[in-house]
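Printed here is data-v5.pdb (PDB, C-alpha atoms):
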ATOM      1  CA  MET A 464      34.604 -61.751  12.461
ATOM      2  CA  LYS A 465      32.379 -59.857  14.902
ATOM      3  CA  LYS A 466      30.388 -57.029  13.359
ATOM      4  CA  GLY A 467      27.842 -54.348  14.184
ATOM      5  CA  ILE A 468      25.796 -51.625  12.521
ATOM      6  CA  ILE A 469      23.411 -48.766  13.356
ATOM      7  CA  GLY A 470      19.921 -48.778  11.871
ATOM      8  CA  LYS A 471      16.435 -47.305  11.998
ATOM      9  CA  LYS A 472      13.301 -49.309  12.690
ATOM     10  CA  ILE A 473      10.904 -49.088   9.732
ATOM     11  CA  GLY A 474       8.103 -51.323  10.989
ATOM     12  CA  MET A 475       6.810 -54.893  10.981
ATOM     13  CA  THR A 476       5.516 -57.070   8.174
ATOM     14  CA  GLN A 477       5.529 -60.729   7.196
ATOM     15  CA  ILE A 478       7.339 -62.844   4.636
ATOM     16  CA  PHE A 479       6.968 -66.433   3.483
ATOM     17  CA  ASP A 480       9.625 -69.143   3.488
ATOM     18  CA  GLU A 481      10.190 -71.810   0.816
ATOM     19  CA  VAL A 482       7.367 -74.027   2.079
ATOM     20  CA  GLY A 483       4.866 -71.214   2.569
ATOM     21  CA  ASN A 484       5.175 -70.656   6.316
ATOM     22  CA  VAL A 485       4.464 -67.099   7.499
ATOM     23  CA  ILE A 486       7.418 -65.400   9.247
ATOM     24  CA  PRO A 487       6.763 -62.149  11.155
ATOM     25  CA  VAL A 488       9.706 -59.800  10.653
ATOM     26  CA  THR A 489      10.837 -56.316  11.613
ATOM     27  CA  ILE A 490      12.329 -54.243   8.798
ATOM     28  CA  ILE A 491      15.401 -52.205   9.737
ATOM     29  CA  LYS A 492      17.166 -49.695   7.491
ATOM     30  CA  ALA A 493      20.734 -50.585   8.464
ATOM     31  CA  GLY A 494      23.393 -48.164   7.293
ATOM     32  CA  PRO A 495      25.191 -47.063   5.381
ATOM     33  CA  CYS A 496      27.432 -46.265   8.359
ATOM     34  CA  VAL A 497      30.858 -44.664   8.194
ATOM     35  CA  VAL A 498      33.779 -45.486  10.480
ATOM     36  CA  ALA A 499      34.411 -42.240  12.387
ATOM     37  CA  GLN A 500      37.051 -43.543  14.811
ATOM     38  CA  LYS A 501      39.180 -46.636  15.294
ATOM     39  CA  LYS A 502      40.423 -47.710  18.722
ATOM     40  CA  THR A 503      43.234 -50.212  19.268
ATOM     41  CA  VAL A 504      44.685 -52.090  22.218
ATOM     42  CA  GLU A 505      47.950 -50.156  21.879
ATOM     43  CA  ASN A 506      46.335 -46.708  22.108
ATOM     44  CA  ASP A 507      43.088 -47.271  24.009
ATOM     45  CA  GLY A 508      43.401 -50.629  25.741
ATOM     46  CA  TYR A 509      40.772 -52.384  23.609
ATOM     47  CA  ASN A 510      39.698 -52.858  19.998
ATOM     48  CA  ALA A 511      36.633 -50.982  18.781
ATOM     49  CA  VAL A 512      35.248 -48.930  15.918
ATOM     50  CA  GLN A 513      32.951 -45.945  16.189
ATOM     51  CA  LEU A 514      30.256 -45.809  13.511
ATOM     52  CA  GLY A 515      28.282 -42.772  12.350
ATOM     53  CA  PHE A 516      24.766 -42.983  10.893
ATOM     54  CA  GLU A 517      22.571 -40.476   9.039
ATOM     55  CA  ASP A 518      23.852 -37.151   7.731
ATOM     56  CA  ALA A 519      23.494 -34.175  10.063
ATOM     57  CA  LYS A 520      23.443 -30.409   9.707
ATOM     58  CA  GLU A 521      26.015 -28.250  11.476
ATOM     59  CA  LYS A 522      23.356 -26.497  13.557
ATOM     60  CA  HIS A 523      22.360 -29.828  15.118
ATOM     61  CA  LEU A 524      25.856 -30.607  16.442
ATOM     62  CA  THR A 525      28.054 -29.077  19.115
ATOM     63  CA  LYS A 526      31.439 -27.556  18.371
ATOM     64  CA  ALA A 527      33.156 -30.595  19.912
ATOM     65  CA  GLU A 528      31.141 -33.002  17.780
ATOM     66  CA  LYS A 529      31.926 -31.081  14.597
ATOM     67  CA  GLY A 530      35.615 -31.088  15.509
ATOM     68  CA  HIS A 531      35.487 -34.841  16.043
ATOM     69  CA  PHE A 532      34.188 -35.435  12.516
ATOM     70  CA  GLU A 533      36.572 -32.892  10.961
ATOM     71  CA  LYS A 534      39.539 -34.624  12.590
ATOM     72  CA  ALA A 535      38.382 -37.948  11.148
ATOM     73  CA  GLY A 536      37.758 -36.394   7.747
ATOM     74  CA  VAL A 537      34.226 -37.783   7.440
ATOM     75  CA  ALA A 538      30.846 -36.156   6.875
ATOM     76  CA  LEU A 539      28.797 -34.980   9.861
ATOM     77  CA  LYS A 540      26.562 -37.684  11.315
ATOM     78  CA  ARG A 541      23.592 -37.536  13.691
ATOM     79  CA  HIS A 542      24.223 -40.796  15.538
ATOM     80  CA  LEU A 543      27.422 -42.354  16.869
ATOM     81  CA  LYS A 544      27.867 -45.794  18.376
ATOM     82  CA  GLU A 545      30.968 -47.693  19.405
ATOM     83  CA  PHE A 546      31.181 -51.422  18.747
ATOM     84  CA  ARG A 547      33.835 -53.536  20.441
ATOM     85  CA  LEU A 548      35.226 -56.058  17.958
ATOM     86  CA  ASP A 549      37.855 -58.758  18.279
ATOM     87  CA  ASP A 550      39.480 -57.970  14.934
ATOM     88  CA  ILE A 551      39.429 -54.490  13.383
ATOM     89  CA  SER A 552      42.412 -54.911  11.069
ATOM     90  CA  GLY A 553      40.166 -54.791   7.997
ATOM     91  CA  LEU A 554      38.478 -51.514   8.997
ATOM     92  CA  ASN A 555      39.817 -47.987   8.694
ATOM     93  CA  VAL A 556      38.459 -44.487   9.333
ATOM     94  CA  GLY A 557      36.242 -43.496   6.426
ATOM     95  CA  ASP A 558      35.189 -47.030   5.484
ATOM     96  CA  VAL A 559      31.473 -47.548   4.826
ATOM     97  CA  ILE A 560      29.548 -50.369   6.514
ATOM     98  CA  SER A 561      26.390 -51.524   4.731
ATOM     99  CA  ALA A 562      23.596 -53.971   5.475
ATOM    100  CA  ASP A 563      25.332 -56.709   3.478
ATOM    101  CA  THR A 564      27.847 -57.066   6.310
ATOM    102  CA  PHE A 565      25.206 -59.429   7.706
ATOM    103  CA  ALA A 566      23.689 -62.414   5.918
ATOM    104  CA  ALA A 567      20.434 -64.357   6.119
ATOM    105  CA  GLY A 568      20.607 -66.882   8.937
ATOM    106  CA  ASP A 569      22.917 -64.806  11.165
ATOM    107  CA  LYS A 570      22.095 -64.577  14.864
ATOM    108  CA  VAL A 571      22.018 -60.978  16.132
ATOM    109  CA  ASP A 572      21.265 -58.925  19.246
ATOM    110  CA  VAL A 573      19.209 -55.758  18.712
ATOM    111  CA  THR A 574      19.276 -52.836  21.153
ATOM    112  CA  GLY A 575      16.718 -50.019  21.157
ATOM    113  CA  ILE A 576      14.758 -47.592  23.332
ATOM    114  CA  THR A 577      11.295 -48.888  24.213
ATOM    115  CA  LYS A 578       8.134 -46.849  23.763
ATOM    116  CA  GLY A 579       7.546 -44.465  26.659
ATOM    117  CA  HIS A 580       4.226 -44.706  28.520
ATOM    118  CA  GLY A 581       4.897 -42.041  31.149
ATOM    119  CA  TYR A 582       3.879 -42.472  34.787
ATOM    120  CA  THR A 583       1.574 -45.487  34.966
ATOM    121  CA  GLY A 584      -0.089 -47.547  37.651
ATOM    122  CA  ALA A 585       1.086 -50.944  38.836
ATOM    123  CA  ILE A 586      -1.606 -52.767  36.855
ATOM    124  CA  LYS A 587      -0.362 -51.505  33.497
ATOM    125  CA  ARG A 588       3.314 -51.342  34.429
ATOM    126  CA  TRP A 589       3.672 -54.821  35.966
ATOM    127  CA  ASN A 590       0.530 -56.601  34.730
ATOM    128  CA  LEU A 591      -0.660 -57.259  38.291
ATOM    129  CA  HIS A 592      -4.097 -58.607  39.168
ATOM    130  CA  MET A 593      -6.759 -56.039  39.980
ATOM    131  CA  LEU A 594      -8.681 -55.971  43.237
ATOM    132  CA  GLY A 595     -12.135 -57.531  43.268
ATOM    133  CA  LYS A 596     -15.034 -55.442  42.032
ATOM    134  CA  THR A 597     -17.805 -57.045  44.111
ATOM    135  CA  HIS A 598     -18.666 -57.963  47.714
ATOM    136  CA  GLY A 599     -17.953 -54.506  49.077
ATOM    137  CA  ILE A 600     -14.405 -54.194  47.687
ATOM    138  CA  GLY A 601     -13.844 -50.728  46.335
ATOM    139  CA  PRO A 602     -14.224 -48.018  45.303
ATOM    140  CA  ILE A 603     -10.614 -48.385  44.035
ATOM    141  CA  HIS A 604     -10.395 -51.038  41.332
ATOM    142  CA  ARG A 605      -7.072 -50.594  39.496
ATOM    143  CA  GLN A 606      -4.843 -50.876  42.527
ATOM    144  CA  SER A 607      -2.446 -53.637  43.539
ATOM    145  CA  GLY A 608      -2.888 -55.590  46.746
ATOM    146  CA  SER A 609      -0.885 -55.397  49.962
ATOM    147  CA  MET A 610       2.247 -53.231  49.890
ATOM    148  CA  GLY A 611       3.904 -55.119  52.728
ATOM    149  CA  VAL A 612       3.524 -56.334  56.304
ATOM    150  CA  ILE A 613       3.436 -54.602  59.685
ATOM    151  CA  ASP A 614       6.660 -56.064  61.087
ATOM    152  CA  PRO A 615       9.290 -54.026  59.142
ATOM    153  CA  ALA A 616       6.972 -50.976  59.074
ATOM    154  CA  ARG A 617       8.271 -50.054  55.641
ATOM    155  CA  ILE A 618       8.091 -51.115  52.007
ATOM    156  CA  PHE A 619      11.032 -53.131  50.731
ATOM    157  CA  LYS A 620      13.037 -52.025  47.708
ATOM    158  CA  ASN A 621      12.070 -53.423  44.286
ATOM    159  CA  LYS A 622       8.402 -53.645  45.246
ATOM    160  CA  LYS A 623       6.335 -53.549  42.061
ATOM    161  CA  MET A 624       4.546 -50.204  42.279
ATOM    162  CA  ALA A 625       3.456 -47.311  40.061
ATOM    163  CA  GLY A 626       6.122 -45.299  38.268
ATOM    164  CA  GLN A 627       7.822 -44.540  34.950
ATOM    165  CA  TYR A 628       7.018 -47.199  32.357
ATOM    166  CA  GLY A 629       9.007 -47.606  29.149
ATOM    167  CA  ASN A 630      11.544 -45.235  27.557
ATOM    168  CA  GLU A 631      14.454 -47.450  28.600
ATOM    169  CA  GLN A 632      17.184 -49.266  26.717
ATOM    170  CA  VAL A 633      16.377 -52.908  26.053
ATOM    171  CA  THR A 634      18.366 -55.558  24.182
ATOM    172  CA  VAL A 635      16.647 -58.551  22.582
ATOM    173  CA  LEU A 636      19.060 -61.462  22.275
ATOM    174  CA  ASN A 637      19.571 -64.161  19.681
ATOM    175  CA  LEU A 638      17.259 -62.999  16.892
ATOM    176  CA  SER A 639      17.569 -64.467  13.402
ATOM    177  CA  VAL A 640      18.199 -62.456  10.236
ATOM    178  CA  ALA A 641      15.468 -63.624   7.856
ATOM    179  CA  LYS A 642      16.403 -61.643   4.743
ATOM    180  CA  ILE A 643      18.841 -59.013   3.468
ATOM    181  CA  ASP A 644      18.123 -56.371   0.815
ATOM    182  CA  ALA A 645      21.622 -55.063   0.121
ATOM    183  CA  GLU A 646      20.493 -52.681  -2.615
ATOM    184  CA  ASN A 647      18.216 -50.737  -0.235
ATOM    185  CA  ASN A 648      20.228 -51.417   2.955
ATOM    186  CA  LEU A 649      17.334 -53.265   4.594
ATOM    187  CA  ILE A 650      17.546 -56.095   7.111
ATOM    188  CA  ALA A 651      14.520 -58.247   7.979
ATOM    189  CA  VAL A 652      14.868 -59.613  11.529
ATOM    190  CA  LYS A 653      12.568 -62.399  12.672
ATOM    191  CA  GLY A 654      10.273 -61.250  15.480
ATOM    192  CA  ALA A 655       9.836 -57.926  17.273
ATOM    193  CA  ILE A 656      12.464 -55.454  18.460
ATOM    194  CA  PRO A 657      12.247 -52.599  20.996
ATOM    195  CA  GLY A 658      11.123 -49.103  20.060
ATOM    196  CA  ALA A 659       8.668 -47.198  17.911
ATOM    197  CA  LYS A 660       8.793 -46.756  14.155
ATOM    198  CA  GLY A 661      11.677 -44.491  13.246
ATOM    199  CA  GLY A 662      13.638 -45.358  16.387
ATOM    200  CA  ILE A 663      17.393 -45.875  16.245
ATOM    201  CA  VAL A 664      18.584 -49.429  16.934
ATOM    202  CA  PHE A 665      21.979 -51.097  17.202
ATOM    203  CA  ILE A 666      22.588 -54.505  15.645
ATOM    204  CA  ARG A 667      25.523 -56.730  16.556
ATOM    205  CA  ASP A 668      26.465 -60.391  16.479
ATOM    206  CA  SER A 669      24.702 -62.409  19.139
ATOM    207  CA  VAL A 670      26.757 -62.997  22.266
ATOM    208  CA  LYS A 671      24.983 -66.330  22.804
ATOM    209  CA  ALA A 672      25.167 -67.711  19.259
TER     210      ALA A 672
END

The structure in this file should be written as structure tokens.
Amino acid sequence: MKKGIIGKKIGMTQIFDEVGNVIPVTIIKAGPCVVAQKKTVENDGYNAVQLGFEDAKEKHLTKAEKGHFEKAGVALKRHLKEFRLDDISGLNVGDVISADTFAAGDKVDVTGITKGHGYTGAIKRWNLHMLGKTHGIGPIHRQSGSMGVIDPARIFKNKKMAGQYGNEQVTVLNLSVAKIDAENNLIAVKGAIPGAKGGIVFIRDSVKA
């Protein structure tokens, strides 16, 4: 059965497998999440469940958001995320989803918001080569090369130039779950995931597994 959960990135560390190999992992506090809404093909045209994560105070929510939780009869939550699932017959509003919904060895996709770097130059943003620093080239050193040619008399779209870097949603596909700590709702995912420590991430079954 397809599954998903909301979590918070704790940070990176390393663990050892049975033969002593070092495995770099990202620790995610996944859940507990509560089912705040259930959508079905008959009523909504598709199957999905809406999960809520982390308790919230009334002053942090709008009137519409508070009404949404009151209608469902669940506690106020700070984060909501809808997961489309093939089979939701075993889930109902109010059910709690914990980290043990996943198991070691599962393949997952993790979605998060990358670290924001603000407005940056093309060298940092796109990892372009810098201009030469000798033989009379300068005084600009951290600038990309030619922006285009004379013929069109303009710069084409998608040219790698300076601009906003980071602070965008990124999904890393086909990561492996290395370890599960069901008691503390922790999931250790092999490798790195997007975002800073404390960032909210969404974990779901891999679409390519």

Quiz item: Using all atoms listed in the file, which of the listed residues (A:Ala645, A:Met624, A:Val573, A:Val652) sits closest to Val670 (chain A)?
Solution: A:Val573

Quiz prompt | Top pick for closest residue to Ile469 (chain A), considering A:Ala519, A:Val485, A:Ala562, A:Ile643 and counting all atoms listed in the file | solution = A:Ala562

Practice problem: Given the file shown, determine the residues that the PyMOL selection byres ((chain A and resi 659) around 10) selects; report them as a ChimeraX atom specification. | Solution: /A:471-474,575-579,656-658,660-663

Exercise. Find the residues around Ser669 (chain A) up to 9 Å (only C-alpha atoms counted), leave out those fewer than 5 positions away in its own chain, and share them as a list of chain:residue names.
Key: A:Asp569, A:Lys570, A:Val571, A:Asp572, A:Val573, A:Leu636, A:Asn637, A:Leu638

Restricting it to C-alpha atoms, dump the selection as a PDB file, in the frame of the given file.
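Written out: selection.pdb:
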ATOM      1  CA  ASP A 569      22.917 -64.806  11.165  1.00  0.00           C
ATOM      2  CA  LYS A 570      22.095 -64.577  14.864  1.00  0.00           C
ATOM      3  CA  VAL A 571      22.018 -60.978  16.132  1.00  0.00           C
ATOM      4  CA  ASP A 572      21.265 -58.925  19.246  1.00  0.00           C
ATOM      5  CA  VAL A 573      19.209 -55.758  18.712  1.00  0.00           C
ATOM      6  CA  LEU A 636      19.060 -61.462  22.275  1.00  0.00           C
ATOM      7  CA  ASN A 637      19.571 -64.161  19.681  1.00  0.00           C
ATOM      8  CA  LEU A 638      17.259 -62.999  16.892  1.00  0.00           C
TER       9      LEU A 638
END

Practice problem: Pull out every residue that the PyMOL selection byres ((chain A and resi 581-584) around 10) matches in the shown coordinates and put them as a list in words. | Solution: Lys578, Gly579, His580, Ala585, Ile586, Lys587, Arg588, Trp589, Asn590, Leu591, Arg605, Gln606, Ser607, Lys623, Met624, Ala625, Gly626, Gln627, Tyr628, Gly629 and Asn630 of chain A

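Separating CA of Leu514 (chain A) from CA of Met475 (chain A) is a distance of 25.3 Å.
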
Exercise. Name the residues captured by the PyMOL selection byres ((chain A and resi 497) around 8) when it is applied to the shown file; answer as a PyMOL selection string.
Key: chain A and resi 495-496+498-499+514-516+537+556-560

Exercise. Do a neighbour search on Glu521 (chain A) at 12 Å with all atoms listed in the file, toss out local chain neighbours closer than 2 positions, and write the hits as a PyMOL selection string.
Key: chain A and resi 518-519+523-530+532-533+538-541

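If you look at CA of Glu545 (chain A) and CA of Val488 (chain A), they are 26.0 Å away from each other.
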
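Note that CA of Ala566 (chain A) and CA of Asp644 (chain A) are 9.7 Å apart.
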
Quiz item: Which is closest to Lys466 (chain A) among A:Arg547, A:Lys622, A:Lys642, A:Lys522, if we use all atoms listed in the file?
Solution: A:Arg547

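When all atoms listed in the file are used to compute distances to Ile650 (chain A), the closest of the residues A:Ile491, A:Val482, A:Val512, A:Met593 turns out to be A:Ile491.
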
How would region 523-535 of chain A look with N, CA, C and O atoms restored, written as a PDB file, in the frame of the given file?
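This went into out-v3.pdb:
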ATOM      1  N   HIS A 523      22.849 -28.796  14.217  1.00  0.00           N
ATOM      2  CA  HIS A 523      22.360 -29.828  15.118  1.00  0.00           C
ATOM      3  C   HIS A 523      23.473 -30.461  15.945  1.00  0.00           C
ATOM      4  O   HIS A 523      23.200 -31.354  16.752  1.00  0.00           O
ATOM      5  N   LEU A 524      24.718 -30.022  15.734  1.00  0.00           N
ATOM      6  CA  LEU A 524      25.856 -30.607  16.442  1.00  0.00           C
ATOM      7  C   LEU A 524      26.575 -29.549  17.255  1.00  0.00           C
ATOM      8  O   LEU A 524      26.537 -28.359  16.936  1.00  0.00           O
ATOM      9  N   THR A 525      27.242 -29.992  18.311  1.00  0.00           N
ATOM     10  CA  THR A 525      28.054 -29.077  19.115  1.00  0.00           C
ATOM     11  C   THR A 525      29.399 -28.841  18.435  1.00  0.00           C
ATOM     12  O   THR A 525      29.774 -29.550  17.489  1.00  0.00           O
ATOM     13  N   LYS A 526      30.130 -27.868  18.939  1.00  0.00           N
ATOM     14  CA  LYS A 526      31.439 -27.556  18.371  1.00  0.00           C
ATOM     15  C   LYS A 526      32.386 -28.744  18.528  1.00  0.00           C
ATOM     16  O   LYS A 526      33.175 -29.058  17.628  1.00  0.00           O
ATOM     17  N   ALA A 527      32.299 -29.430  19.675  1.00  0.00           N
ATOM     18  CA  ALA A 527      33.156 -30.595  19.912  1.00  0.00           C
ATOM     19  C   ALA A 527      32.817 -31.731  18.944  1.00  0.00           C
ATOM     20  O   ALA A 527      33.721 -32.413  18.440  1.00  0.00           O
ATOM     21  N   GLU A 528      31.544 -31.936  18.701  1.00  0.00           N
ATOM     22  CA  GLU A 528      31.141 -33.002  17.780  1.00  0.00           C
ATOM     23  C   GLU A 528      31.611 -32.706  16.359  1.00  0.00           C
ATOM     24  O   GLU A 528      32.092 -33.598  15.650  1.00  0.00           O
ATOM     25  N   LYS A 529      31.469 -31.446  15.939  1.00  0.00           N
ATOM     26  CA  LYS A 529      31.926 -31.081  14.597  1.00  0.00           C
ATOM     27  C   LYS A 529      33.439 -31.247  14.474  1.00  0.00           C
ATOM     28  O   LYS A 529      33.942 -31.721  13.444  1.00  0.00           O
ATOM     29  N   GLY A 530      34.167 -30.902  15.524  1.00  0.00           N
ATOM     30  CA  GLY A 530      35.615 -31.088  15.509  1.00  0.00           C
ATOM     31  C   GLY A 530      36.002 -32.551  15.437  1.00  0.00           C
ATOM     32  O   GLY A 530      37.005 -32.908  14.798  1.00  0.00           O
ATOM     33  N   HIS A 531      35.220 -33.398  16.070  1.00  0.00           N
ATOM     34  CA  HIS A 531      35.487 -34.841  16.043  1.00  0.00           C
ATOM     35  C   HIS A 531      35.394 -35.388  14.618  1.00  0.00           C
ATOM     36  O   HIS A 531      36.253 -36.168  14.171  1.00  0.00           O
ATOM     37  N   PHE A 532      34.361 -34.963  13.886  1.00  0.00           N
ATOM     38  CA  PHE A 532      34.188 -35.435  12.516  1.00  0.00           C
ATOM     39  C   PHE A 532      35.229 -34.811  11.576  1.00  0.00           C
ATOM     40  O   PHE A 532      35.718 -35.479  10.653  1.00  0.00           O
ATOM     41  N   GLU A 533      35.561 -33.537  11.807  1.00  0.00           N
ATOM     42  CA  GLU A 533      36.572 -32.892  10.961  1.00  0.00           C
ATOM     43  C   GLU A 533      37.928 -33.557  11.127  1.00  0.00           C
ATOM     44  O   GLU A 533      38.671 -33.733  10.154  1.00  0.00           O
ATOM     45  N   LYS A 534      38.261 -33.948  12.343  1.00  0.00           N
ATOM     46  CA  LYS A 534      39.539 -34.624  12.590  1.00  0.00           C
ATOM     47  C   LYS A 534      39.585 -35.963  11.862  1.00  0.00           C
ATOM     48  O   LYS A 534      40.629 -36.368  11.334  1.00  0.00           O
ATOM     49  N   ALA A 535      38.438 -36.660  11.825  1.00  0.00           N
ATOM     50  CA  ALA A 535      38.382 -37.948  11.148  1.00  0.00           C
ATOM     51  C   ALA A 535      38.290 -37.804   9.630  1.00  0.00           C
ATOM     52  O   ALA A 535      38.560 -38.761   8.898  1.00  0.00           O
TER      53      ALA A 535
END
